[in-house]
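Engineer: Let me begin by handing over the structure; questions about it come next.
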Amino acid sequence: MNSAIHDAVIVGGGPAGAASACLLAKAGRSVVLFEREAGPHHKVCGEFVSVEAAAYLERLGLDLFRLGAQPIHSVRLVRGSAESSSRLPFPAFSLSREVMDEALLRAAADRGAEIRRGVAVRSLAEGEDRVTLQADGPVAARAALLATGKHDLRGHRRPPGSINDLIGFKQYLTLAPEQAARLAGHVEVLLFPGGYAGLQPAADGRANLCLVVAKPVHDRVGRRWDRLLDHLCEESPAFAARLAGATTCWERPLSIYGIPYGFVHRGDTASRRLHRLGDQLAVIPSFCGDGMAIALHSAFLASDRVLAGQAPLDGSAFAGQIRTATLLAQAIRRPALQGIAAGTVRLVPGLLKAIAYATRVPQQAIP
Ligand SMILES: Cc1cc2nc3c(=O)[nH]c(=O)nc-3n(C[C@H](O)[C@H](O)[C@H](O)COP(=O)(O)OP(=O)(O)OC[C@H]3O[C@@H](n4cnc5c(N)ncnc54)[C@H](O)[C@@H]3O)c2cc1C
């Protein structure tokens with residue numbers, strides 16, 4: 001048992017937790033971060049790194065190109081056999097989460113944070129002058145940062161979001177050479193009844209296919225990944241062409257259930273020492289590709305508060321962005337509205353750019 005009181009304990013070593021460990025350790029605070037996974041691991045994520053996320057990662061010392069980031073300059077919206085392409089109003093990247101999360105944890109360790117891998121935190125209690133967590137033993141600190149992402153810690157469960165019935169999947173693919181060439185530099189968003197999918201280039205000639213699908217649609221295809229892909233290809237000849245001749249890189253896809261899209265933490269006046277960040281503070285629908293920017297932005301804001309001894313942040317800074325994104329996500333799941341959305345985007349080429357701006361962490365908010 002360690003009886004020392006740390007300045008901060010961080011639960012979760014995703015972008016939110018690792019970034020705050022970097023910032024607090026760099027400021028000279030004693031920081032312990034717990035990450036339940038023992039080593040590098042893939043995560044269900046489209047791996048679209050927005051310009052805001054890239055700016056934060058560079059400020060934390062990451063060299064994105066050295067880590068294998070692929071530039072993304074355009075978005076292509078696909079529905080049925082129709083496609084419409086638009087140049088992104090900002091540079092973006094595709095970067096493996098396995099690589100990125102690991103690089104952030106290394107950066108935190110280099111700055112002096114103690115990183116405890118393969119240790120799951122089981123509970124966290126806030127007292128008058130400290131927080132105490134239970135992991136492989138009790139640990140006490142003056143502040144705790146809750147950054148467990150999609151996973152809720154017992155006693156700190158988030159309420160449901162506005163959309164709770166989607167299942168997320170991710171699979172790496174090797175595309176046929178001519179299809180890989182057509183995908184280069186693009187993130188493709190496929191709208192299909194009951195969900196949407198993102199496809200973009202990944203390192204080493206692979207492509208990342210990440211999608212969310214409503215549970216009833218998943219049930220209808222017998223909860224089988226191969227049948228789900230067939231369903232997508234039947235819905236979209238353009239998508240079928242992209243996947244023709246593709247091979248899967250993993251035996252089975254990664255999956256995640258019950259993501260509370262639209263959740264925004266409303267604050268807890270009783271809490272003085274427990275700071276929520278990343279997906280524990282606010283969850284944006286995935287198609288926006290801004291979850292990592294929110295995770296990093298909230299890590300910078302929360303770390304400032306911990307350093308200044310201020311009360312925890314609530315999610316209001318992200319509420320407008322998340323409301324807009326959630327309304328759009330609800331709309332584009334409906335087949336009739338998908339057709340209208342795809343048609344409008346073709347007729348109004350600037351629309352995708354306007355949507356991109358409305359659903360992002362504003363660049364002027366980056367400290
Ligand atoms: C289908 C899908 C696609 C997405 N696509 C994109 C995209 O393209 N671009 C984008 O920017 N965002 C995307 N996101 C969102 C993005 O993945 C998240 O917003 C981001 O990962 C949140 O970071 P985080 O640090 O809060 O949590 P996470 O990245 O989830 O990290 C949390 C960490 O905490 C650890 N942990 C959990 N419980 C415990 C415990 N009890 N003890 C110790 N450790 C624990 C976990 O192992 C994990 O490593 C997507 C999300 C989904 C679901």
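Quick note on naming: the chains in the structure tokens go A, B, ... in the order shown, residues restart at 1 in each chain, and ligands are numbered from 1 in order of appearance.
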Got a sec to tell me which of region 81-230 of chain A DSSP assigns to strand (DSSP E or B), as a PyMOL selection string?
Structural biologist: chain A and resi 82-94+114-117+123-126+131-134+138-146+163+166-174+186-192+195-201+207-214
Engineer: Could you save the residues just selected, with C-alpha atoms, as a PDB file, in the first residue's frame?
Structural biologist:
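Output saved as selection-v4.pdb:
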```pdb
ATOM      1  CA  ALA A  82     -24.317   8.477 -55.859  1.00  0.00           C
ATOM      2  CA  GLU A  83     -21.117  10.119 -54.605  1.00  0.00           C
ATOM      3  CA  SER A  84     -20.316  13.772 -53.930  1.00  0.00           C
ATOM      4  CA  SER A  85     -16.890  14.996 -52.976  1.00  0.00           C
ATOM      5  CA  SER A  86     -15.867  18.178 -51.217  1.00  0.00           C
ATOM      6  CA  ARG A  87     -12.478  19.500 -50.164  1.00  0.00           C
ATOM      7  CA  LEU A  88     -12.219  19.785 -46.384  1.00  0.00           C
ATOM      8  CA  PRO A  89     -11.918  23.383 -45.175  1.00  0.00           C
ATOM      9  CA  PHE A  90      -8.925  22.325 -43.038  1.00  0.00           C
ATOM     10  CA  PRO A  91      -6.115  19.743 -43.225  1.00  0.00           C
ATOM     11  CA  ALA A  92      -6.859  16.459 -41.456  1.00  0.00           C
ATOM     12  CA  PHE A  93      -5.118  13.127 -40.912  1.00  0.00           C
ATOM     13  CA  SER A  94      -5.688   9.437 -40.440  1.00  0.00           C
ATOM     14  CA  GLU A 114       3.899   7.466 -13.345  1.00  0.00           C
ATOM     15  CA  ILE A 115       2.016   5.218 -15.773  1.00  0.00           C
ATOM     16  CA  ARG A 116       0.548   2.030 -14.282  1.00  0.00           C
ATOM     17  CA  ARG A 117      -0.426  -0.345 -17.110  1.00  0.00           C
ATOM     18  CA  SER A 123     -13.855   2.608  -7.503  1.00  0.00           C
ATOM     19  CA  LEU A 124     -13.256   6.250  -6.785  1.00  0.00           C
ATOM     20  CA  ALA A 125     -14.524   8.128  -3.710  1.00  0.00           C
ATOM     21  CA  GLU A 126     -14.318  11.841  -3.029  1.00  0.00           C
ATOM     22  CA  VAL A 131      -9.988  11.406  -3.440  1.00  0.00           C
ATOM     23  CA  THR A 132      -9.267   7.738  -2.841  1.00  0.00           C
ATOM     24  CA  LEU A 133      -9.321   5.160  -5.563  1.00  0.00           C
ATOM     25  CA  GLN A 134      -9.143   1.403  -5.410  1.00  0.00           C
ATOM     26  CA  PRO A 138      -5.819   2.200  -2.351  1.00  0.00           C
ATOM     27  CA  VAL A 139      -4.294   5.395  -3.798  1.00  0.00           C
ATOM     28  CA  ALA A 140      -4.995   8.915  -2.517  1.00  0.00           C
ATOM     29  CA  ALA A 141      -4.672  12.228  -4.335  1.00  0.00           C
ATOM     30  CA  ARG A 142      -5.750  15.846  -4.097  1.00  0.00           C
ATOM     31  CA  ALA A 143      -7.560  15.628  -7.443  1.00  0.00           C
ATOM     32  CA  ALA A 144      -8.838  12.846  -9.684  1.00  0.00           C
ATOM     33  CA  LEU A 145      -9.358  13.003 -13.440  1.00  0.00           C
ATOM     34  CA  LEU A 146     -11.938  10.567 -14.748  1.00  0.00           C
ATOM     35  CA  ILE A 163     -28.937   8.143 -29.106  1.00  0.00           C
ATOM     36  CA  LEU A 166     -26.036   2.136 -32.053  1.00  0.00           C
ATOM     37  CA  ILE A 167     -23.344  -0.522 -32.228  1.00  0.00           C
ATOM     38  CA  GLY A 168     -19.879   0.546 -33.395  1.00  0.00           C
ATOM     39  CA  PHE A 169     -17.518  -1.668 -35.433  1.00  0.00           C
ATOM     40  CA  LYS A 170     -14.017  -1.274 -36.787  1.00  0.00           C
ATOM     41  CA  GLN A 171     -12.063  -3.481 -39.164  1.00  0.00           C
ATOM     42  CA  TYR A 172      -8.830  -2.830 -41.069  1.00  0.00           C
ATOM     43  CA  LEU A 173      -8.956  -3.838 -44.733  1.00  0.00           C
ATOM     44  CA  THR A 174      -6.490  -4.173 -47.583  1.00  0.00           C
ATOM     45  CA  HIS A 186     -10.275  10.969 -48.742  1.00  0.00           C
ATOM     46  CA  VAL A 187     -12.523  10.114 -45.869  1.00  0.00           C
ATOM     47  CA  GLU A 188     -15.607   8.458 -47.346  1.00  0.00           C
ATOM     48  CA  VAL A 189     -18.875   8.603 -45.447  1.00  0.00           C
ATOM     49  CA  LEU A 190     -21.443   6.028 -46.514  1.00  0.00           C
ATOM     50  CA  LEU A 191     -25.068   6.577 -45.473  1.00  0.00           C
ATOM     51  CA  PHE A 192     -27.172   3.427 -45.270  1.00  0.00           C
ATOM     52  CA  GLY A 195     -26.437   3.817 -39.804  1.00  0.00           C
ATOM     53  CA  TYR A 196     -23.370   5.223 -41.452  1.00  0.00           C
ATOM     54  CA  ALA A 197     -19.825   4.078 -42.157  1.00  0.00           C
ATOM     55  CA  GLY A 198     -16.496   5.842 -42.550  1.00  0.00           C
ATOM     56  CA  LEU A 199     -13.666   4.540 -44.731  1.00  0.00           C
ATOM     57  CA  GLN A 200     -10.254   6.170 -44.925  1.00  0.00           C
ATOM     58  CA  PRO A 201      -6.667   5.196 -45.691  1.00  0.00           C
ATOM     59  CA  ALA A 207      -7.859   1.175 -44.907  1.00  0.00           C
ATOM     60  CA  ASN A 208      -9.934   1.688 -41.774  1.00  0.00           C
ATOM     61  CA  LEU A 209     -13.612   0.803 -42.051  1.00  0.00           C
ATOM     62  CA  CYS A 210     -15.496   2.058 -39.001  1.00  0.00           C
ATOM     63  CA  LEU A 211     -19.272   2.068 -38.834  1.00  0.00           C
ATOM     64  CA  VAL A 212     -22.223   2.415 -36.529  1.00  0.00           C
ATOM     65  CA  VAL A 213     -25.440   0.502 -37.078  1.00  0.00           C
ATOM     66  CA  ALA A 214     -28.781   0.505 -35.252  1.00  0.00           C
TER      67      ALA A 214
END
```
Engineer: 7 Å from ligand 1 is the threshold here; counting only C-alpha atoms and all ligand atoms, which polymer residues fall inside it? Answer as a ChimeraX atom specification.
Structural biologist: /A:11-17,34-37,44-50,119-122,147-153,168-169,210-212,256,259,277-280,283,286-287,289-295
Engineer: Which of these, A:Gly315, A:Gly320, A:Gly245, A:Pro40, has the shortest distance to Met100 (chain A) once you count only C-alpha atoms?
Structural biologist: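 The shortest atom-to-atom distance to Met100 (chain A) comes from A:Pro40.
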Engineer: Could you tell me which of A:Asp136, A:Leu62, A:Ser162, A:Leu254 comes closest to Arg106 (chain A) if we count only C-alpha atoms?
Structural biologist: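 Answer, going by the shortest atom-to-atom distance: A:Leu62.
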Engineer: By how many Å are CA of Ala69 (chain A) and CA of Arg276 (chain A) apart?
Structural biologist: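 Separating CA of Ala69 (chain A) from CA of Arg276 (chain A) is a distance of 28.5 Å.
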Engineer: Do a neighbour search on Pro160 (chain A) at 9 Å with only C-alpha atoms, toss out local chain neighbours closer than 5 positions, and write the hits as a VMD selection string.
Structural biologist: chain A and resid 258 to 263
Engineer: Using only C-alpha atoms, pick whichever of A:Leu23, A:Ala331, A:Leu33, A:Ile5 has the shortest atom-to-atom distance to Val306 (chain A).
Structural biologist: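 Closest candidate: A:Leu23.
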Engineer: Could you check how far CA of Pro177 (chain A) sits from CA of Leu229 (chain A), in Å to one decimal?
Structural biologist: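 It comes out at 19.8 Å.
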Engineer: Considering only C-alpha atoms, state which residue in the set A:Leu281, A:Arg334, A:Ser30, A:Ala270 is at the smallest distance from Pro159 (chain A).
Structural biologist: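 For Pro159 (chain A), the nearest of the given residues is A:Leu281.
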Engineer: I'd like to know which of A:Asp226, A:Gln70, A:Ile284, A:Leu64 is closest to Gly205 (chain A), using only C-alpha atoms.
Structural biologist: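 For Gly205 (chain A), the nearest of the candidates is A:Gln70.
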